[in-house]
>>> print(open('model_14.cif').read())   # mmCIF, C-alpha atoms
data_final
loop_
_atom_site.label_atom_id
_atom_site.label_comp_id
_atom_site.auth_asym_id
_atom_site.auth_seq_id
_atom_site.Cartn_x
_atom_site.Cartn_y
_atom_site.Cartn_z
CA MET A 1 26.49 22.81 -18.02
CA SER A 2 25.53 19.17 -18.11
CA GLN A 3 25.04 17.51 -21.45
CA LYS A 4 21.87 15.54 -22.08
CA GLY A 5 22.40 12.00 -20.90
CA ASP A 6 25.27 13.01 -18.63
CA THR A 7 24.60 11.42 -15.24
CA SER A 8 27.76 12.59 -13.48
CA VAL A 9 27.10 14.34 -10.20
CA LYS A 10 29.61 16.18 -8.05
CA THR A 11 29.06 15.42 -4.35
CA ILE A 12 29.73 17.77 -1.43
CA ALA A 13 28.94 17.71 2.27
CA ALA A 14 26.12 19.93 3.55
CA HIS A 15 28.51 21.91 5.75
CA GLN A 16 30.67 22.69 2.70
CA ALA A 17 27.63 23.97 0.80
CA LYS A 18 26.67 26.10 3.79
CA ASN A 19 30.15 27.49 4.41
CA ALA A 20 30.82 28.31 0.76
CA PHE A 21 27.31 28.96 -0.51
CA GLY A 22 28.39 31.33 -3.27
CA ARG A 23 30.78 28.77 -4.68
CA PHE A 24 28.11 26.09 -4.32
CA ILE A 25 25.67 28.17 -6.38
CA ASP A 26 28.32 28.84 -9.03
CA THR A 27 29.09 25.12 -9.29
CA ALA A 28 25.40 24.13 -9.34
CA HIS A 29 24.85 26.63 -12.14
CA ARG A 30 27.30 24.66 -14.31
CA GLU A 31 26.78 21.06 -13.20
CA ARG A 32 24.71 18.79 -10.98
CA VAL A 33 25.77 18.85 -7.34
CA ALA A 34 24.59 16.31 -4.74
CA VAL A 35 24.58 17.47 -1.14
CA GLU A 36 25.13 14.88 1.55
CA ARG A 37 24.38 15.10 5.24
CA HIS A 38 25.88 12.42 7.48
CA GLY A 39 26.90 10.45 4.39
CA ARG A 40 23.37 10.35 2.96
CA ARG A 41 22.36 12.24 -0.19
CA VAL A 42 19.67 14.73 0.79
CA PHE A 43 19.21 16.63 -2.46
CA VAL A 44 20.71 17.36 -5.85
CA ALA A 45 20.97 20.88 -7.25
CA VAL A 46 20.81 21.03 -11.03
CA PRO A 47 21.40 23.84 -13.50
CA ALA A 48 18.20 25.67 -14.43
CA GLU A 49 18.44 24.37 -18.01
CA ASP A 50 18.48 20.77 -16.74
CA TYR A 51 15.53 21.47 -14.44
CA GLU A 52 13.52 22.99 -17.28
CA HIS A 53 14.33 19.96 -19.46
CA LEU A 54 13.18 17.59 -16.69
CA GLU A 55 9.96 19.57 -16.24
CA ALA A 56 9.28 19.36 -19.99
CA LEU A 57 9.88 15.60 -19.94
CA GLU A 58 7.49 15.18 -17.03
CA ASP A 59 4.84 17.28 -18.77
CA ALA A 60 5.24 15.22 -21.94
CA TYR A 61 5.00 11.97 -19.97
CA TRP A 62 1.79 12.97 -18.23
CA GLY A 63 0.37 14.35 -21.47
CA GLU A 64 1.00 11.01 -23.16
CA ARG A 65 -0.58 9.16 -20.26
CA ALA A 66 -3.66 11.39 -20.49
CA GLU A 67 -3.96 10.84 -24.23
CA ALA A 68 -3.61 7.08 -23.79
CA ALA A 69 -6.33 7.10 -21.13
CA ARG A 70 -8.57 9.13 -23.41
CA ALA A 71 -7.96 6.76 -26.31
CA GLU A 72 -9.02 3.88 -24.05
CA GLY A 73 -12.12 5.80 -23.04
CA LEU A 74 -10.95 6.18 -19.45
CA ALA A 75 -10.76 9.97 -19.19
CA SER A 76 -10.79 13.15 -21.23
CA PRO A 77 -7.84 15.59 -21.08
CA GLU A 78 -10.02 17.93 -19.03
CA GLU A 79 -10.94 15.19 -16.55
CA THR A 80 -7.29 14.17 -16.28
CA ASP A 81 -6.23 17.79 -15.69
CA GLU A 82 -8.85 18.09 -12.96
CA VAL A 83 -7.58 14.93 -11.21
CA ILE A 84 -3.94 16.07 -11.45
CA ARG A 85 -4.83 19.52 -10.08
CA SER A 86 -6.72 17.96 -7.17
CA ILE A 87 -3.75 15.70 -6.38
CA LEU A 88 -1.30 18.61 -6.51
CA ASN A 89 -3.57 20.77 -4.35
CA ALA A 90 -3.88 17.97 -1.81
CA GLN A 91 -0.09 17.88 -1.49
CA ASP A 92 0.15 21.61 -0.57
#
>>> encode(input="model_14.cif", output="structure tokens")
Amino acid sequence: MSQKGDTSVKTIAAHQAKNAFGRFIDTAHRERVAVERHGRRVFVAVPAEDYEHLEALEDAYWGERAEAARAEGLASPEETDEVIRSILNAQD
């Protein structure tokens, strides 16, 4: 498991992840694993705990932005939620 603030990432080639998927999952469960294809990083698998922490940080960030906008009279939390939902729905 990665510690907070730990930015180390193990890197493997896409064909290695494909050929040893079980081992890849086991490794990604414990630490961050970057997958490269043709020498270019295409994605990073993170342990579920890290993902949940990142999601919480993102939620807190957007919550703070919404509160700041409300304090400036720009939008209410409900209006901000509506805009965010419309943006997310547009991306689907």
>>> residues_around(input="model_14.cif", residues="Glu79 in chain A", least_positions_apart="5", cutoff="10 Å", atoms="only C-alpha atoms", output="PyMOL selection string")
chain A and resi 66+70+74+84-85
>>> residues_around(input="model_14.cif", residues="Val33 in chain A", least_positions_apart="5", cutoff="12 Å", atoms="all atoms listed in the file", output="list of chain:residue names")
A:Met1, A:Ser2, A:Thr7, A:Ser8, A:Val9, A:Lys10, A:Thr11, A:Ile12, A:Ala13, A:Ala14, A:Gln16, A:Ala17, A:Arg23, A:Phe24, A:Ile25, A:Asp26, A:Thr27, A:Ala28, A:Arg41, A:Val42, A:Phe43, A:Val44, A:Ala45, A:Val46, A:Pro47
>>> atom_distance(input="model_14.cif", atom1="CA of Leu54 in chain A", atom2="CA of Thr80 in chain A")
20.8 Å
>>> atom_distance(input="model_14.cif", atom1="CA of His15 in chain A", atom2="CA of Arg37 in chain A")
8.0 Å
>>> atom_distance(input="model_14.cif", atom1="CA of Ala48 in chain A", atom2="CA of Ser86 in chain A")
27.1 Å
>>> residues_around(input="model_14.cif", residues="Asp81 in chain A", least_positions_apart="5", cutoff="10 Å", atoms="only C-alpha atoms", output="number ranges by chain")
A: 62-63, 66, 75-76, 86-87
>>> closest_residue(input="model_14.cif", among="A:Val35, A:Val83, A:His53, A:Ala60", to="Phe21 in chain A", atoms="only C-alpha atoms")
A:Val35
>>> axis_aligned_box(input="model_14.cif", around="range 70-88 of chain A", padding_each_side="4 Å", output="AutoDock Vina command-line options")
--center_x -6.7 --center_y 11.7 --center_z -16.3 --size_x 18.8 --size_y 23.6 --size_z 27.9
